[in-house]
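> The following block contains the structure, expressed as C-alpha coordinates.
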Amino acid sequence: MDRYKLKGHLAMLGANVMWGMMSPIAKMVFASGLIAPIVMVDFRVGGAAILFWITSLFLPYEHVPGKDILRLFGAGMLGVLLNQGCFILGVSLTSPGEASLVTTTMPMWVMLLAWIILREPITLKKAGGIVLGAAGAIILILGNGNNIAGDNPALGDLIVLCAQLSYALYLTLYRNFIKKYSLVTLMKWMFLSASVVAIPGTLRWLTSMDWSAVTSEVWSGVGYVVVCGTFLAYICIMIGQKRLRPTLVGMYNYVQPIVATIAGIALGLDQFTLLKGLAILLIFSGVWLVTISKAKPSDNEVPKVES
(Lines give C-alpha, C1' and ligand atoms only; values in the text may rest on other atoms or scores of the structure.)
Protein backbone atom coordinates (compact mmCIF):
# COMPACT_ATOMS: atom_id res chain seq x y z
CA MET A 1 0.00 0.00 0.00
CA ASP A 2 1.48 3.39 -1.03
CA ARG A 3 1.74 6.32 1.35
CA TYR A 4 -1.04 8.20 -0.46
CA LYS A 5 -3.66 5.53 0.25
CA LEU A 6 -2.21 4.83 3.71
CA LYS A 7 -2.93 8.45 4.63
CA GLY A 8 -6.51 7.90 3.49
CA HIS A 9 -6.90 4.80 5.66
CA LEU A 10 -5.45 6.54 8.72
CA ALA A 11 -7.72 9.55 8.16
CA MET A 12 -10.85 7.37 7.91
CA LEU A 13 -9.80 5.45 11.03
CA GLY A 14 -9.29 8.70 12.93
CA ALA A 15 -12.67 10.11 11.87
CA ASN A 16 -14.59 7.02 12.91
CA VAL A 17 -12.74 6.76 16.22
CA MET A 18 -13.81 10.33 17.01
CA TRP A 19 -17.39 9.56 15.91
CA GLY A 20 -17.41 6.39 18.00
CA MET A 21 -16.42 8.40 21.09
CA MET A 22 -18.95 11.10 20.23
CA SER A 23 -21.96 8.82 20.76
CA PRO A 24 -21.61 8.38 24.57
CA ILE A 25 -20.58 12.02 24.98
CA ALA A 26 -23.63 13.26 23.06
CA LYS A 27 -25.85 10.99 25.18
CA MET A 28 -24.40 12.63 28.30
CA VAL A 29 -25.27 16.06 26.90
CA PHE A 30 -28.84 15.06 26.02
CA ALA A 31 -29.33 13.35 29.40
CA SER A 32 -28.83 16.71 31.10
CA GLY A 33 -32.07 17.91 29.51
CA LEU A 34 -30.46 21.32 28.96
CA ILE A 35 -29.75 21.05 25.23
CA ALA A 36 -32.30 19.70 22.74
CA PRO A 37 -31.10 17.43 19.90
CA ILE A 38 -32.10 19.98 17.27
CA VAL A 39 -30.01 22.64 19.04
CA MET A 40 -27.05 20.26 18.97
CA VAL A 41 -27.40 20.14 15.17
CA ASP A 42 -27.13 23.95 15.15
CA PHE A 43 -24.02 23.81 17.34
CA ARG A 44 -22.41 21.23 15.06
CA VAL A 45 -23.02 22.92 11.72
CA GLY A 46 -22.66 26.51 12.97
CA GLY A 47 -19.62 25.81 15.14
CA ALA A 48 -17.81 23.87 12.42
CA ALA A 49 -18.63 26.56 9.84
CA ILE A 50 -17.01 29.22 12.08
CA LEU A 51 -13.92 27.05 12.64
CA PHE A 52 -13.48 26.29 8.91
CA TRP A 53 -13.90 29.95 7.90
CA ILE A 54 -11.38 31.06 10.55
CA THR A 55 -8.94 28.39 9.33
CA SER A 56 -9.36 29.60 5.74
CA LEU A 57 -8.08 33.05 6.75
CA PHE A 58 -4.62 31.52 7.32
CA LEU A 59 -4.54 29.71 3.97
CA PRO A 60 -4.18 30.92 0.36
CA TYR A 61 -7.42 32.28 -1.09
CA GLU A 62 -9.20 29.91 -3.47
CA HIS A 63 -11.83 31.30 -5.83
CA VAL A 64 -15.02 29.26 -6.19
CA PRO A 65 -17.33 30.19 -9.09
CA GLY A 66 -21.07 30.50 -8.52
CA LYS A 67 -21.95 27.22 -10.25
CA ASP A 68 -19.59 25.32 -7.95
CA ILE A 69 -20.96 27.08 -4.86
CA LEU A 70 -24.37 25.70 -5.87
CA ARG A 71 -22.85 22.20 -6.10
CA LEU A 72 -21.25 22.68 -2.69
CA PHE A 73 -24.66 23.73 -1.38
CA GLY A 74 -26.02 20.34 -2.49
CA ALA A 75 -23.04 18.60 -0.90
CA GLY A 76 -23.70 20.47 2.34
CA MET A 77 -27.33 19.36 2.35
CA LEU A 78 -26.51 15.67 1.76
CA GLY A 79 -23.18 15.27 3.55
CA VAL A 80 -23.76 17.60 6.50
CA LEU A 81 -27.30 18.78 7.25
CA LEU A 82 -29.40 15.74 6.29
CA ASN A 83 -26.80 13.29 7.57
CA GLN A 84 -26.23 14.97 10.95
CA GLY A 85 -29.74 16.29 11.44
CA CYS A 86 -31.53 13.04 10.59
CA PHE A 87 -29.16 10.98 12.74
CA ILE A 88 -29.50 13.14 15.86
CA LEU A 89 -33.28 13.45 15.50
CA GLY A 90 -33.60 9.72 14.81
CA VAL A 91 -31.54 8.75 17.86
CA SER A 92 -33.77 10.96 20.02
CA LEU A 93 -36.81 8.89 18.95
CA THR A 94 -35.40 5.35 18.91
CA SER A 95 -33.05 3.36 21.12
CA PRO A 96 -29.26 3.78 20.70
CA GLY A 97 -28.98 0.05 19.92
CA GLU A 98 -31.51 0.16 17.10
CA ALA A 99 -29.96 3.33 15.69
CA SER A 100 -26.55 1.64 15.67
CA LEU A 101 -27.99 -1.36 13.83
CA VAL A 102 -29.45 0.91 11.15
CA THR A 103 -26.07 2.63 10.64
CA THR A 104 -24.53 -0.71 9.65
CA THR A 105 -26.52 -0.54 6.38
CA MET A 106 -24.59 2.51 5.12
CA PRO A 107 -21.74 0.58 3.39
CA MET A 108 -24.34 -1.47 1.53
CA TRP A 109 -26.01 1.70 0.20
CA VAL A 110 -22.63 3.11 -0.81
CA MET A 111 -21.79 -0.09 -2.69
CA LEU A 112 -25.13 -0.10 -4.54
CA LEU A 113 -25.00 3.61 -5.42
CA ALA A 114 -21.36 3.37 -6.54
CA TRP A 115 -22.40 0.49 -8.82
CA ILE A 116 -25.36 2.44 -10.27
CA ILE A 117 -23.75 5.88 -10.58
CA LEU A 118 -20.00 5.28 -10.86
CA ARG A 119 -20.14 1.80 -12.44
CA GLU A 120 -17.89 0.53 -9.68
CA PRO A 121 -18.07 -3.29 -9.90
CA ILE A 122 -19.64 -5.35 -7.12
CA THR A 123 -17.18 -8.19 -6.65
CA LEU A 124 -17.44 -11.24 -4.41
CA LYS A 125 -14.63 -9.88 -2.24
CA LYS A 126 -16.36 -6.52 -1.84
CA ALA A 127 -19.78 -8.02 -1.07
CA GLY A 128 -18.19 -10.59 1.25
CA GLY A 129 -16.24 -7.88 3.06
CA ILE A 130 -19.40 -5.86 3.67
CA VAL A 131 -21.20 -8.96 4.98
CA LEU A 132 -18.30 -9.78 7.33
CA GLY A 133 -18.10 -6.21 8.58
CA ALA A 134 -21.86 -6.00 9.12
CA ALA A 135 -21.86 -9.32 11.00
CA GLY A 136 -19.08 -8.13 13.31
CA ALA A 137 -20.78 -4.79 13.95
CA ILE A 138 -24.13 -6.45 14.71
CA ILE A 139 -22.47 -8.88 17.16
CA LEU A 140 -20.87 -5.96 19.02
CA ILE A 141 -24.08 -3.91 19.10
CA LEU A 142 -26.31 -6.78 20.24
CA GLY A 143 -23.70 -7.84 22.76
CA ASN A 144 -23.95 -4.49 24.53
CA GLY A 145 -27.48 -5.33 25.66
CA ASN A 146 -28.71 -1.76 25.34
CA ASN A 147 -32.49 -1.91 25.87
CA ILE A 148 -33.20 1.79 26.30
CA ALA A 149 -36.51 2.38 24.52
CA GLY A 150 -37.34 5.38 22.39
CA ASP A 151 -40.56 7.39 22.12
CA ASN A 152 -41.19 6.28 18.51
CA PRO A 153 -38.71 3.54 17.49
CA ALA A 154 -40.19 2.91 14.03
CA LEU A 155 -40.06 6.58 13.03
CA GLY A 156 -36.65 7.02 14.64
CA ASP A 157 -35.19 4.05 12.75
CA LEU A 158 -36.59 5.42 9.48
CA ILE A 159 -35.04 8.85 10.11
CA VAL A 160 -31.66 7.26 10.95
CA LEU A 161 -31.93 5.27 7.71
CA CYS A 162 -32.46 8.56 5.83
CA ALA A 163 -29.22 9.81 7.39
CA GLN A 164 -27.34 6.79 6.05
CA LEU A 165 -28.86 7.14 2.58
CA SER A 166 -28.06 10.87 2.36
CA TYR A 167 -24.43 10.29 3.32
CA ALA A 168 -24.07 7.35 0.94
CA LEU A 169 -25.47 9.52 -1.86
CA TYR A 170 -23.03 12.32 -0.95
CA LEU A 171 -20.03 9.95 -1.03
CA THR A 172 -21.08 8.69 -4.45
CA LEU A 173 -22.23 11.87 -6.23
CA TYR A 174 -19.33 14.05 -5.07
CA ARG A 175 -16.57 11.44 -5.39
CA ASN A 176 -14.77 13.31 -8.19
CA PHE A 177 -15.95 16.87 -7.55
CA ILE A 178 -14.23 17.16 -4.18
CA LYS A 179 -10.81 16.73 -5.83
CA LYS A 180 -11.27 20.14 -7.47
CA TYR A 181 -10.74 22.24 -4.33
CA SER A 182 -8.76 22.16 -1.11
CA LEU A 183 -10.20 20.53 1.97
CA VAL A 184 -10.88 23.75 3.90
CA THR A 185 -12.51 25.46 0.91
CA LEU A 186 -14.91 22.54 0.50
CA MET A 187 -15.75 22.36 4.18
CA LYS A 188 -16.27 26.08 4.79
CA TRP A 189 -18.83 26.31 1.98
CA MET A 190 -20.56 23.02 2.84
CA PHE A 191 -20.98 23.89 6.53
CA LEU A 192 -21.99 27.47 5.74
CA SER A 193 -24.72 26.10 3.43
CA ALA A 194 -25.93 23.74 6.15
CA SER A 195 -25.95 26.57 8.73
CA VAL A 196 -27.91 28.94 6.49
CA VAL A 197 -30.66 26.33 6.17
CA ALA A 198 -30.62 24.86 9.70
CA ILE A 199 -30.30 27.80 12.08
CA PRO A 200 -33.16 30.06 10.86
CA GLY A 201 -35.59 27.15 11.11
CA THR A 202 -34.64 26.40 14.71
CA LEU A 203 -34.49 29.90 16.19
CA ARG A 204 -37.39 29.28 18.59
CA TRP A 205 -35.46 26.41 20.21
CA LEU A 206 -32.31 28.54 20.46
CA THR A 207 -34.12 31.54 21.95
CA SER A 208 -36.08 29.46 24.47
CA MET A 209 -32.98 27.65 25.75
CA ASP A 210 -31.87 28.45 29.31
CA TRP A 211 -28.23 29.29 28.55
CA SER A 212 -27.35 30.14 32.17
CA ALA A 213 -28.34 26.64 33.35
CA VAL A 214 -25.86 24.83 31.08
CA THR A 215 -23.03 23.41 33.19
CA SER A 216 -19.33 23.36 32.29
CA GLU A 217 -19.52 19.58 31.94
CA VAL A 218 -22.28 19.89 29.33
CA TRP A 219 -20.38 22.63 27.49
CA SER A 220 -17.32 20.36 27.45
CA GLY A 221 -19.43 17.67 25.81
CA VAL A 222 -20.73 20.14 23.24
CA GLY A 223 -17.14 21.27 22.62
CA TYR A 224 -16.05 17.70 21.89
CA VAL A 225 -18.96 17.16 19.50
CA VAL A 226 -18.20 20.40 17.60
CA VAL A 227 -14.38 20.31 17.55
CA CYS A 228 -13.56 16.59 17.46
CA GLY A 229 -16.78 14.94 16.30
CA THR A 230 -17.38 17.51 13.54
CA PHE A 231 -14.47 19.85 12.65
CA LEU A 232 -11.57 17.38 12.95
CA ALA A 233 -13.63 14.35 11.90
CA TYR A 234 -14.76 16.01 8.66
CA ILE A 235 -11.17 17.01 7.88
CA CYS A 236 -10.25 13.34 8.17
CA ILE A 237 -13.28 12.28 6.11
CA MET A 238 -12.33 14.61 3.26
CA ILE A 239 -8.73 13.34 3.27
CA GLY A 240 -10.00 9.76 3.15
CA GLN A 241 -12.63 10.46 0.50
CA LYS A 242 -10.03 11.97 -1.82
CA ARG A 243 -7.82 8.89 -1.57
CA LEU A 244 -10.15 5.90 -1.23
CA ARG A 245 -13.08 4.42 -3.15
CA PRO A 246 -16.60 5.27 -1.86
CA THR A 247 -17.31 1.66 -0.81
CA LEU A 248 -14.11 1.51 1.23
CA VAL A 249 -14.88 4.88 2.84
CA GLY A 250 -18.29 3.52 3.84
CA MET A 251 -16.74 0.37 5.31
CA TYR A 252 -15.00 2.39 8.02
CA ASN A 253 -18.46 3.00 9.49
CA TYR A 254 -18.03 -0.40 11.15
CA VAL A 255 -15.14 0.94 13.25
CA GLN A 256 -17.53 2.96 15.42
CA PRO A 257 -19.01 -0.03 17.33
CA ILE A 258 -15.44 -1.19 18.06
CA VAL A 259 -14.58 2.18 19.56
CA ALA A 260 -17.79 2.24 21.61
CA THR A 261 -17.02 -1.25 22.95
CA ILE A 262 -13.40 -0.41 23.83
CA ALA A 263 -14.53 2.81 25.53
CA GLY A 264 -17.10 0.85 27.54
CA ILE A 265 -14.44 -1.64 28.67
CA ALA A 266 -12.02 1.16 29.59
CA LEU A 267 -14.70 2.91 31.67
CA GLY A 268 -15.65 -0.32 33.41
CA LEU A 269 -19.08 -0.35 31.77
CA ASP A 270 -18.39 -3.43 29.66
CA GLN A 271 -16.22 -6.56 29.64
CA PHE A 272 -14.08 -8.11 26.93
CA THR A 273 -15.26 -11.52 25.73
CA LEU A 274 -14.11 -13.93 23.03
CA LEU A 275 -17.30 -13.16 21.08
CA LYS A 276 -16.42 -9.47 21.01
CA GLY A 277 -12.88 -10.34 19.95
CA LEU A 278 -14.33 -12.38 17.09
CA ALA A 279 -16.61 -9.47 16.13
CA ILE A 280 -13.64 -7.09 15.92
CA LEU A 281 -11.73 -9.63 13.81
CA LEU A 282 -14.70 -9.92 11.44
CA ILE A 283 -14.88 -6.14 11.01
CA PHE A 284 -11.20 -5.73 10.17
CA SER A 285 -11.33 -8.76 7.87
CA GLY A 286 -14.23 -7.15 6.05
CA VAL A 287 -12.35 -3.87 5.61
CA TRP A 288 -9.33 -5.81 4.29
CA LEU A 289 -11.44 -7.69 1.73
CA VAL A 290 -12.98 -4.47 0.41
CA THR A 291 -9.49 -2.90 0.28
CA ILE A 292 -8.11 -5.62 -2.01
CA SER A 293 -11.24 -5.92 -4.17
CA LYS A 294 -11.18 -4.82 -7.78
CA ALA A 295 -11.90 -1.15 -8.52
CA LYS A 296 -12.60 0.83 -11.66
CA PRO A 297 -9.40 1.49 -13.63
CA SER A 298 -9.81 5.22 -13.00
CA ASP A 299 -9.96 4.63 -9.25
CA ASN A 300 -6.54 3.00 -9.34
CA GLU A 301 -5.09 6.26 -10.62
CA VAL A 302 -6.44 8.73 -8.10
CA PRO A 303 -4.91 12.19 -8.44
CA LYS A 304 -2.69 12.87 -5.47
CA VAL A 305 -4.23 16.12 -4.20
CA GLU A 306 -2.47 17.02 -0.99
CA SER A 307 -4.45 18.56 1.85
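Residues are referred to by chain and number: the chain letter is A, B, ... according to the order shown in the C-alpha coordinates, the number counts from 1 in that chain, and ligands are numbered separately from 1 in the order shown.
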Give me, as an NGL selection string, the residues of range 75-179 of chain A that a backbone DSSP run labels helix (DSSP H, G or I).
:A and (75-93 or 96-103 or 106-117 or 124-143 or 153-173 or 177-179)
> In Å, rounded to a single decimal, give me how far CA of Met40 in chain A is from CA of Met209 in chain A.
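CA of Met40 in chain A lies at a distance of 11.7 Å from CA of Met209 in chain A.
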> Hey, which bits of range 153-267 of chain A sit within 12 Å of range 118-129 of chain A, and for each residue what's the closest pair of atoms and how far apart in Å (one decimal), counting only C-alpha atoms, rows by chain and increasing number, as a Markdown table?

```
| residue | atom | partner | partner_atom | distance |
| --- | --- | --- | --- | --- |
| A:Leu169 | CA | A:Leu118 | CA | 11.4 |
| A:Leu171 | CA | A:Leu118 | CA | 10.9 |
| A:Thr172 | CA | A:Leu118 | CA | 7.3 |
| A:Leu173 | CA | A:Leu118 | CA | 8.4 |
| A:Tyr174 | CA | A:Leu118 | CA | 10.5 |
| A:Arg175 | CA | A:Leu118 | CA | 8.9 |
| A:Asn176 | CA | A:Leu118 | CA | 9.9 |
| A:Arg245 | CA | A:Glu120 | CA | 9.0 |
| A:Pro246 | CA | A:Glu120 | CA | 9.2 |
| A:Thr247 | CA | A:Lys126 | CA | 8.3 |
| A:Leu248 | CA | A:Lys126 | CA | 8.9 |
| A:Gly250 | CA | A:Gly129 | CA | 11.6 |
| A:Met251 | CA | A:Gly129 | CA | 8.6 |
| A:Tyr252 | CA | A:Gly129 | CA | 11.5 |
| A:Tyr254 | CA | A:Gly129 | CA | 11.2 |
```
> Applying 12 Å and only C-alpha atoms, which residues near Phe73 in chain A remain after dropping the ones on its own chain fewer than 2 positions away? List them as a PyMOL selection string.
chain A and resi 66-71+75-81+170+174+186-197
> Enter the distance from CA of Phe177 in chain A to CA of Ala114 in chain A, in Å, rounded to one decimal.
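Going from CA of Phe177 in chain A over to CA of Ala114 in chain A covers 14.6 Å.
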> At what distance in Å, to one decimal, does CA of Val184 in chain A lie from CA of Glu62 in chain A?
9.8 Å
